[in-house]
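Undergrad: Can you read through this structure? Questions will come right after.
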Protein chains: 4
Amino acid sequence: MKKTKKNSVWGTRMNKVVSSVLQSANSSIEIDKRLFQEDINGSIAHCTMLAKQKIIDVTKSKKIITGLKKIEQEIQKNKFIFKTKYEDIHLNIEKRLFEIIGTDAGFLHTARSRNDQVTTDFKLWIKKSSNEIKNLLNVLIKSFLNLADKNTDIIMPGFTHLKNAQPVLFSHYLLAYIEMFKRDIVKFNNVINNLNENPLGAGALAGTSYNIDRHLTSRLLGFSKPTQNSIDSVSDRDYAIEFLFASSLCAMHLSRLAEEIILWNSDLINFINIEDSLLTGSSMMPQKKNPDSAELIRGKTGSIYGNLNSLLITMKGLPLSYFKDMQEDKAAVFSAYDNLKLNLLLATELIKGIKPNKKKLYEAALKGFTTATDFADYLVKKGISFREAYKKSAQLVNIAEKSNKRLDQLDFTIIKKIDPVIEKDVMNVFDIRNSIEKKISFGGTGRKNVINMIKKIKKEFK
Amino acid sequence: MKKTKKNSVWGTRMNKVVSSVLQSANSSIEIDKRLFQEDINGSIAHCTMLAKQKIIDVTKSKKIITGLKKIEQEIQKNKFIFKTKYEDIHLNIEKRLFEIIGTDAGFLHTARSRNDQVTTDFKLWIKKSSNEIKNLLNVLIKSFLNLADKNTDIIMPGFTHLKNAQPVLFSHYLLAYIEMFKRDIVKFNNVINNLNENPLGAGALAGTSYNIDRHLTSRLLGFSKPTQNSIDSVSDRDYAIEFLFASSLCAMHLSRLAEEIILWNSDLINFINIEDSLLTGSSMMPQKKNPDSAELIRGKTGSIYGNLNSLLITMKGLPLSYFKDMQEDKAAVFSAYDNLKLNLLLATELIKGIKPNKKKLYEAALKGFTTATDFADYLVKKGISFREAYKKSAQLVNIAEKSNKRLDQLDFTIIKKIDPVIEKDVMNVFDIRNSIEKKISFGGTGRKNVINMIKKIKKEFK
Amino acid sequence: MKKTKKNSVWGTRMNKVVSSVLQSANSSIEIDKRLFQEDINGSIAHCTMLAKQKIIDVTKSKKIITGLKKIEQEIQKNKFIFKTKYEDIHLNIEKRLFEIIGTDAGFLHTARSRNDQVTTDFKLWIKKSSNEIKNLLNVLIKSFLNLADKNTDIIMPGFTHLKNAQPVLFSHYLLAYIEMFKRDIVKFNNVINNLNENPLGAGALAGTSYNIDRHLTSRLLGFSKPTQNSIDSVSDRDYAIEFLFASSLCAMHLSRLAEEIILWNSDLINFINIEDSLLTGSSMMPQKKNPDSAELIRGKTGSIYGNLNSLLITMKGLPLSYFKDMQEDKAAVFSAYDNLKLNLLLATELIKGIKPNKKKLYEAALKGFTTATDFADYLVKKGISFREAYKKSAQLVNIAEKSNKRLDQLDFTIIKKIDPVIEKDVMNVFDIRNSIEKKISFGGTGRKNVINMIKKIKKEFK
Amino acid sequence: MKKTKKNSVWGTRMNKVVSSVLQSANSSIEIDKRLFQEDINGSIAHCTMLAKQKIIDVTKSKKIITGLKKIEQEIQKNKFIFKTKYEDIHLNIEKRLFEIIGTDAGFLHTARSRNDQVTTDFKLWIKKSSNEIKNLLNVLIKSFLNLADKNTDIIMPGFTHLKNAQPVLFSHYLLAYIEMFKRDIVKFNNVINNLNENPLGAGALAGTSYNIDRHLTSRLLGFSKPTQNSIDSVSDRDYAIEFLFASSLCAMHLSRLAEEIILWNSDLINFINIEDSLLTGSSMMPQKKNPDSAELIRGKTGSIYGNLNSLLITMKGLPLSYFKDMQEDKAAVFSAYDNLKLNLLLATELIKGIKPNKKKLYEAALKGFTTATDFADYLVKKGISFREAYKKSAQLVNIAEKSNKRLDQLDFTIIKKIDPVIEKDVMNVFDIRNSIEKKISFGGTGRKNVINMIKKIKKEFK
């Protein structure tokens with residue numbers, strides 16, 4: 001039959017060789033070969049089950065599994081030749097299996113379709129990769145903890161609207177980022193928990209008439225149970241979208257950190273020094289040391305968001321069940337994973353490679369009347385309502401500003417004029433160290449709070 | 001002081017009246033007034049705690065709470081006048097409180113900032129609204145169950161690539177959507193679980209020097225515990241983004257359903273009839289009955305995705321802590337909520353208002369050689385490998401296609417030529433009813449499976 | 001007929017009253033009433049043409065036009081009651097026309113459908129609004145020019161990677177933004193040019209059998225010609241997407257400006273002062289003056305991008321021709337327009353309301369070895385290759401850095417050691433004023449260049 | 001100096017070897033090597049100008065150009081080894097130039113920075129690629145024209161809301177798509193026109209002190225003039241975003257076409273046959289022939305939109321001038337270009353490879369009372385107002401629907417009852433051929449119109 005020669009995959013039904021444009025568009029092997037491990041694991045589990053259920057005989061099953069393990073070796077050793085004409089990882093492996101073990105390879109695809117196969121592979125890959133991201137987050141959090149722990153005596157201005165707001169501890173600032181990354185770990189845990197149903201055995205879309213045991217393959221592959229509806233099983237990509245959501249959220253947090261680092265490292269602000277190994281130069285300006293690491297983190301955020309957006313768009317308005325459109329899921333997820341991993345590694349190196357400029361940070365905290373709220377609170381404790389105290393404090397700030405002084409540089413006599421309740425002890429409230437010391441509310445920037453929190457989180461991330 | 005007259009909010013510090021452009025841009029009251037209930041609840045909890053901790057005295061506290069309850073009534077009865085010049089819901093309420101109870105209102109804002117206040121309100125609103133969405137999903141699932149339960153004898157073609165693939169039960173098709181909506185409920189549960197830390201008490205960003213009890217306000221407001229870091233508390237909008245993610249995913253599922261309904265309702269396919277109450281006409285073409293309900297569901301998906309995208313973008317690259325940029329969170333969330341709610345209501349009405357056209361569905365399932373896989377499986381059970389059987393089945397399909405017949409219309413003698421193992425019993429595999437009956441694998445479209453699944457899910461959603 | 005009573009719009013064909021959920025979802029009147037002027041203009045042009053072509057008689061035409069002008073007045077004077085049950089602006093106006101002139105109103109919709117009507121209205125609105133945005137861009141550019149013109153003697157550091165790079169004129173920096181906004185004007189011109197074909201007369205989708213004159217309505221409405229294909233005419237929303245693209249690009253430029261202003265206004269950098277009328281305060285921190293105007297500009301960017309994204313998504317995968325999904329176009333465009341307009345007004349006020357802090361800017365330019373490139377160029381002019389000169393300049397920077405000096409503070413003897421070609425005149429290259437003076441290349445920051453460019457652009461925008 | 005050994009690019013300034021994570025994140029060579037041709041062309045033009053202006057001497061210039069041409073050859077012949085450690089295409093070429101011609105290579109980078117170099121390269125690449133996309137659009141339009149020209153006698157139902165609306169010519173339907181693609185060509189022309197200013201010579205950001213001639217390099221590279229502001233020159237990526245916008249719009253149009261093809265090719269609708277070379281099979285279902293070509297077109301739309309979104313996001317809120325974030329521009333643009341090109345090629349093959357099923361299309365047009373509007377128009381021409389005629393037509397449709405007949409199958413006596421003005425000639429209006437014949441309005445589906453339009457467009461695209 002000439003036809004078979006012409007069409008290397010769908011020979012029997014198609015009477016024309018596949019268009020070369022379609023072949024290159026359709027072939028996903030350059031992308032989905034990253035699923036090889038999961039595909040082989042899935043096939044071994046499937047084959048084991050088929051034999052156990054006597055759907056194929058044990059000899060054939062063993063032969064197939066041996067063949068699959070050989071292929072696994074070949075791929076791991078870069079000796080496997082991936083072929084575009086075999087479209088994807090599933091067919092590349094099946095075709096090679098035929099070469100290795102002969103026609104018995106034809107028994108592997110019993111009671112299975114690529115539709116359930118690919119989504120099983122992809123779920124396994126995303127589970128593995130979510131765990132990897134969690135590990136990277138762990139390492140990043142520890143770097144933050146280390147930096148926070150070593151610098152509990154550094155004071156800096158806390159900002160709202162990037163204007164000096166209130167003095168805070170540099171360590172407290174760092175702990176804020178730890179909270180974000182802890183939430184990211186929860187999100188990736190949710191990804192893992194939400195993909196725990198095994199789609200293998202859903203077939204093309206309708207299930208199968210073979211007496212398969214989907215609970216067995218679930219156990220073998222580490223899923224908690226089989227999916228409940230075969231049509232949904234092959235149509236569902238929620239888990240990939242959730243992975244992209246968690247990645248986007250994490251990328252957003254990293255972008256905020258990157259922005260801080262870029263600002264702090266500028267010649268204008270100069271809050272930190274960054275190790276040279278994390279900086280790059282200019283082709284024209286000899287003096288330049290640029291924080292490219294941080295800029296890349298920030299810049300790649302757009303791409304990760306774009307991936308989330310893409311897959312949501314691709315899935316929009318698709319009726320059931322599988323469509324080739326859904327093949328776009330992998331490029332989006334792999335790209336987001338690669339970028340996020342890089343961003344996490346870069347962020348970890350940056351946190352390890354920055355040195356806070358203690359003096360600059362302290363001096364900055366003195367500016368911007370950052371104890372004005374403390375003064376208002378002082379008045380409240382003397383019996384004045386907060387709203388009234390707020391106005392009086394604003395008055396004092398105006399006076400200081402006009403005379404070009406900090407609040408702690410004003411004479412007591414001038415301060416006293418603001419309200420009769422004011423006493424000599426008021427001068428303490430203008431000291432930024434005192435301001436911090438007094439923030440004793442849970443989660444506040446008070447030194448004891450911060451030190452306790454570092455200890456607490458250290459226990460969680462030892 | 002003239003200045004106070006000029007600037008109705010920030011009189012003391014600012015020496016110019018606010019620009020009218022800024023006022024209209026800055027004022028969020030038209031949007032955030034939807035938070036009034038949460039704002040009042042938050043203020044009552046805060047005030048109760050202040051009194052309990054003796055930060056303000058009990059008499060003042062009672063007065064304030066009475067005033068707040070009066071305001072609650074006013075708003076509920078549409079008697080409250082929201083003022084643009086008071087920027088937002090927080091100041092509108094505080095200013096009104098002054099009118100009602102006088103200067104003691106000035107004690108309410110002790111140990112609190114709008115920064116922690118607004119995020120507390122918003123978390124409470126999103127929790128409430130996530131629960132509402134869950135309820136709507138519940139109702140939708142029940143409508144699906146009802147439709148599935150009433151139609152377990154309807155056969156239709158299952159599709160991949162929108163080409164006829166294998167016969168399935170109409171009820172099985174519906175159950176696929178139930179799986180999606182069940183996952184959506186899990187996602188909204190995650191939203192609720194992930195926002196369970198109370199930011200109230202974080203102050204502007206640094207915590208406070210008052211002896212507040214954040215565990216008490218947490219209990220009063222239904223949070224599980226206070227947030228751990230004050231800077232992060234006022235900078236975090238992850239919960240809003242997660243709500244938008246869950247909404248986008250749910251909207252995506254609904255868009256798929258909408259697409260099905262639009263296709264099925266077309267004159268070309270005619271699988272269903274939709275109640276007139278859910279159709280609209282044309283201004284020019286007198287015969288038209290258009291499925292606008294379904295199109296609106298599909299069309300609004302773009303807007304909901306856009307909201308998710310927007311808030312991710314807004315948060316990108318913001319250093320800590322609060323920025324006015326973050327005010328954009330509410331417009332995005334409210335818009336997504338309104339659209340999603342409408343889409344869920346429309347979908348529920350549609351599921352209640354469609355009547356499957358049993359005959360059309362059945363006839364469609366006969367087309368497209370939908371039992372070709374059953375024939376291959378038949379050969380496998382006779383000992384042939386699946387890959388071999390697949391080819392033989394393809395041959396048979398080619399024969400049928402050429403002679404313009406369905407598989408069940410072919411003569412046995414012709415079929416027999418495909419392979420010697422074929423016996424008379426082969427004719428059963430071409431019957432689409434049999435095909436369905438045999439899909440006994442867990443989650444497959446076999447009738448018993450489907451009926452059991454309906455029962456099982458009914459128990460979950462009674 | 002009871003049915004007519006039940007369904008206020010589609011009475012004859014529908015035998016059930018419309019679902020209240022559908023009614024509220026379907027009704028677009030709260031949004032599309034903004035098209036009233038364009039709808040009335042379009043109807044008058046259509047009616048004029050119908051009479052001219054003798055499709056309806058002149059008396060009726062005059063009656064209809066008089067009625068329409070009365071409605072125009074009513075709406076302009078806020079005396080028109082928009083009704084949800086009449087779905088949209090087109091039916092609201094038609095129904096009111098019946099009330100005013102009686103059954104002759106029934107002749108207006110001859111040879112027309114809402115499908116061609118709404119896209120005609122929307123094109124006219126977008127044309128008008130694009131012109132308005134262009135005007136706002138014009139005003140903004142003039143504000144920039146004015147600020148640039150008044151401050152041609154201010155030197156600041158130019159940045160790459162937010163690190164000090166080379167000294168530039170503050171005015172040159174401002175001119176960079178003018179270039180962006182000039183490109184935005186070109187983009188909005190393209191929007192206008194690309195929507196110049198009149199869809200009126202395309203009917204529902206197929207054209208019409210009446211002898212209409214589409215060239216006449218084109219002239220009357222200011223289009224250059226009629227659209228060429230009736231199906232495309234009612235399916236096309238490219239013009240709305242292009243408007244959203246131009247808006248997104250402009251919003252992006254404004255977000256960059258906003259970021260600059262936020263940075264420059266921080267207590268850390270302090271490059272500018274902003275008028276109090278453009279700042280807002282904190283509810284808790286009495287000293288705060290926050291650049292909310294700039295933050296709003298930046299924050300709203302997410303929403304505008306979201307609108308572009310939304311409409312692209314909504315249009316994806318819709319077969320021809322009109323679908324109700326497309327109704328979502330208006331909410332997206334109106335929201336983007338409102339936000340962009342606000343952002344442009346805010347930006348203009350900011351540019352008018354900022355005062356550069358000349359001293360701070362100058363001092364900043366002295367830091368970061370910003371003349372290192374000038375030194376390399378000096379060496380090149382003495383015959384050394386640029387790559388070699390670059391290395392020698394880097395050496396000098398290292399020396400200066402170690403001795404904690406600026407380049408202009410180094411002794412000649414030390415500099416001389418770098419290379420024998422260096423002569424006494426080298427000291428000039430370290431003066432940042434000289435550095436700027438010498439940037440004579442076209443488009444460079446040399447003072448003469450900048451002054452000439454200001455003059456040139458002033459002529460364009462007088 | 002050990003340092004130079006350590007850091008292969010920025011040796012002199014950096015005292016540490018670059019972090020391997022940063023190196024892999026920072027290196028863009030795997031992506032930007034696609035710019036090699038533009039980079040070499042740009043360098044040759046720059047070098048030519050430097051010699052002409054006597055900034056470097058002619059001998060050196062010739063040597064450099066010879067070296068560059070050698071490199072060009074090496075790359076074209078795949079003999080060039082791209083190195084990650086040299087970051088990008090610019091440094092890879094410069095480093096190789098040193099190897100080939102020795103230290104004189106150091107003169108090439110005089111009066112230039114990578115900042116102006118890369119944006120020059122990228123503009124040239126986008127110009128070239130926009131022209132390529134235009135060519136592909138041209139070919140696609142011709143395929144449409146050919147299909148339309150061959151099938152002017154095929155009638156099909158036109159749809160609104162996917163419900164049968166009015167009969168139209170199949171060719172008219174195809175012409176609708178031509179209109180879209182014609183608009184796409186205009187958009188890509190705008191991309192080309194809007195990037196016509198040459199940034200080369202802007203230097204790092206401030207211009208240069210060398211006496212360069214930017215008008216000369218503009219001429220040599222095909223730009224119309226130099227950019228006007230050096231800071232903007234290196235900060236601007238509008239042209240890349242506009243390319244992504246044009247690509248998104250084009251992708252949207254293609255996604256609509258793809259959706260049509262998928263619907264039409266379904267077993268349910270069966271309007272067309274697609275050549276086997278454009279279909280793919282199933283791994284499990286032997287009968288399947290799936291329209292993967294069309295699904296890929298539709299699926300890749302999400303990715304292209306994602307690219308547009310990404311770059312807009314990346315650019316948001318960046319202050320001036322160049323940041324490493326902007327390096328993300330190329331991955332986004334190259335990905336969109338590759339996908340769009342593939343989509344255009346696939347669409348062209350599909351249009352060449354589909355055969356309309358004339359009978360099915362005609363039969364479908366008979367359904368859905370598609371001449372109801374013609375009947376209303378008939379009544380209008382007899383003097384009844386359109387709104388009244390519309391109601392009467394709706395009545396007739398109701399009667400036909402109840403008796404399960406088409407309009408053309410109703411008895412005259414029954415029709416006559418609708419209104420006394422009705423005469424025997426009414427029967428003509430129910431013939432779908434007549435319906436089409438009468439749509440004589442410009443742009444309508446009347447046969448003469450359509451044939452003329454095909455002729456007209458053929459002239460434009462010969």
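Just remember, in the structure tokens the first chain shown is A, the second B, etc., residues are 1-based per chain, and ligands are 1-based in the order shown.
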Using only C-alpha atoms and a distance of at most 6 Å, pull out the residues of chain A that contact chain B, as JSON, numbers by chain.

TA: {"A": [13, 106, 107, 110, 159, 160, 161, 176, 206, 207, 208, 209, 228, 229, 230, 231, 232, 252, 255, 256, 259, 260, 316, 317, 318, 319, 321, 322, 323, 385, 386, 387, 394, 438, 439, 440, 441, 443, 444, 445]}

Undergrad: Which of region 127-204 of chain D end up as strand (DSSP E) when DSSP is run on this backbone - answer as a PyMOL selection string?

TA: chain D and resi 155-160+163-169+197-198

Undergrad: Those residues with all heavy atoms, as a tab-separated table (two decimals), in the first residue's frame please?

TA:
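To be explicit, this is the file written out as part-v2.tsv:
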chain	number	residue	atom	x	y	z
D	155	ILE	N	-25.25	29.06	-2.96
D	155	ILE	CA	-26.05	29.81	-1.99
D	155	ILE	C	-25.92	29.14	-0.63
D	155	ILE	O	-25.90	27.92	-0.52
D	155	ILE	CB	-27.53	29.84	-2.42
D	155	ILE	CG1	-27.67	30.73	-3.67
D	155	ILE	CG2	-28.43	30.33	-1.30
D	155	ILE	CD1	-29.05	30.70	-4.27
D	156	MET	N	-25.85	29.95	0.40
D	156	MET	CA	-25.76	29.41	1.76
D	156	MET	C	-26.55	30.31	2.70
D	156	MET	O	-26.90	31.43	2.33
D	156	MET	CB	-24.30	29.35	2.20
D	156	MET	CG	-23.66	30.70	2.38
D	156	MET	SD	-21.91	30.61	2.90
D	156	MET	CE	-22.08	30.09	4.61
D	157	PRO	N	-26.82	29.84	3.88
D	157	PRO	CA	-27.47	30.75	4.83
D	157	PRO	C	-26.44	31.72	5.41
D	157	PRO	O	-25.35	31.30	5.79
D	157	PRO	CB	-27.99	29.81	5.93
D	157	PRO	CG	-27.14	28.59	5.85
D	157	PRO	CD	-26.67	28.46	4.44
D	158	GLY	N	-26.78	32.98	5.45
D	158	GLY	CA	-26.00	33.92	6.25
D	158	GLY	C	-26.50	33.83	7.68
D	158	GLY	O	-27.69	33.55	7.90
D	159	PHE	N	-25.61	34.05	8.63
D	159	PHE	CA	-25.99	33.88	10.04
D	159	PHE	C	-25.83	35.18	10.82
D	159	PHE	O	-24.91	35.96	10.57
D	159	PHE	CB	-25.10	32.84	10.71
D	159	PHE	CG	-24.99	31.55	9.98
D	159	PHE	CD1	-23.92	31.29	9.12
D	159	PHE	CD2	-25.98	30.58	10.12
D	159	PHE	CE1	-23.83	30.10	8.42
D	159	PHE	CE2	-25.89	29.38	9.42
D	159	PHE	CZ	-24.82	29.14	8.56
D	160	THR	N	-26.73	35.36	11.76
D	160	THR	CA	-26.42	36.23	12.90
D	160	THR	C	-26.74	35.38	14.11
D	160	THR	O	-27.69	34.58	14.07
D	160	THR	CB	-27.24	37.53	12.93
D	160	THR	OG1	-28.61	37.20	13.04
D	160	THR	CG2	-27.02	38.35	11.68
D	163	LYS	N	-27.73	31.70	14.01
D	163	LYS	CA	-29.05	31.29	13.53
D	163	LYS	C	-29.18	31.75	12.09
D	163	LYS	O	-28.71	32.83	11.72
D	163	LYS	CB	-30.15	31.95	14.37
D	163	LYS	CG	-30.21	31.53	15.83
D	163	LYS	CD	-30.69	30.12	16.02
D	163	LYS	CE	-32.20	29.99	15.84
D	163	LYS	NZ	-32.67	28.62	16.12
D	164	ASN	N	-29.84	30.94	11.30
D	164	ASN	CA	-30.06	31.33	9.91
D	164	ASN	C	-30.73	32.70	9.85
D	164	ASN	O	-31.75	32.92	10.50
D	164	ASN	CB	-30.94	30.31	9.20
D	164	ASN	CG	-30.18	29.01	8.94
D	164	ASN	OD1	-29.06	28.84	9.43
D	164	ASN	ND2	-30.78	28.12	8.16
D	165	ALA	N	-30.14	33.59	9.06
D	165	ALA	CA	-30.65	34.95	9.01
D	165	ALA	C	-31.23	35.26	7.63
D	165	ALA	O	-32.43	35.37	7.44
D	165	ALA	CB	-29.53	35.92	9.34
D	166	GLN	N	-30.37	35.35	6.62
D	166	GLN	CA	-30.81	35.61	5.26
D	166	GLN	C	-29.91	34.83	4.32
D	166	GLN	O	-28.74	34.59	4.63
D	166	GLN	CB	-30.68	37.12	4.96
D	166	GLN	CG	-31.59	37.98	5.82
D	166	GLN	CD	-31.54	39.45	5.40
D	166	GLN	OE1	-30.53	40.13	5.60
D	166	GLN	NE2	-32.61	39.93	4.81
D	167	PRO	N	-30.43	34.43	3.17
D	167	PRO	CA	-29.57	33.72	2.22
D	167	PRO	C	-28.49	34.65	1.69
D	167	PRO	O	-28.75	35.82	1.45
D	167	PRO	CB	-30.52	33.32	1.08
D	167	PRO	CG	-31.86	33.87	1.40
D	167	PRO	CD	-31.79	34.67	2.64
D	168	VAL	N	-27.29	34.13	1.53
D	168	VAL	CA	-26.21	34.91	0.92
D	168	VAL	C	-25.43	34.02	-0.04
D	168	VAL	O	-25.56	32.79	0.00
D	168	VAL	CB	-25.22	35.46	1.98
D	168	VAL	CG1	-25.90	36.44	2.93
D	168	VAL	CG2	-24.56	34.33	2.75
D	169	LEU	N	-24.63	34.65	-0.86
D	169	LEU	CA	-23.75	33.88	-1.73
D	169	LEU	C	-22.53	33.42	-0.93
D	169	LEU	O	-21.95	34.20	-0.16
D	169	LEU	CB	-23.29	34.71	-2.93
D	169	LEU	CG	-24.31	34.91	-4.03
D	169	LEU	CD1	-23.67	35.67	-5.19
D	169	LEU	CD2	-24.89	33.58	-4.54
D	197	GLU	N	11.87	56.21	11.76
D	197	GLU	CA	12.94	57.09	12.27
D	197	GLU	C	14.09	56.25	12.80
D	197	GLU	O	13.90	55.31	13.55
D	197	GLU	CB	12.39	58.01	13.35
D	197	GLU	CG	11.33	58.97	12.80
D	197	GLU	CD	10.89	60.01	13.82
D	197	GLU	OE1	11.34	59.93	14.98
D	197	GLU	OE2	10.10	60.89	13.45
D	198	ASN	N	15.27	56.64	12.41
D	198	ASN	CA	16.49	55.90	12.72
D	198	ASN	C	17.06	56.25	14.09
D	198	ASN	O	17.50	57.38	14.31
D	198	ASN	CB	17.53	56.24	11.64
D	198	ASN	CG	18.87	55.63	11.90
D	198	ASN	OD1	18.98	54.64	12.62
D	198	ASN	ND2	19.91	56.25	11.33

Undergrad: Could you find all residues in region 199-417 of chain C that DSSP calls alpha helix (DSSP H) from the backbone, and write them as a ChimeraX atom specification?

TA: /C:214-221,230-235,238-265,292-315,328-353,358-366,372-381,386-402,412-416

Undergrad: So what do you get for CA of Asn434 (chain C) versus CA of Phe369 (chain C), distance-wise?

TA: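 Separation between CA of Asn434 (chain C) and CA of Phe369 (chain C): 14.1 Å.
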
Undergrad: Rounded to one decimal place, report the CA of Gly67 (chain C)-CA of Ile126 (chain C) distance in Å.

TA: 25.5 Å
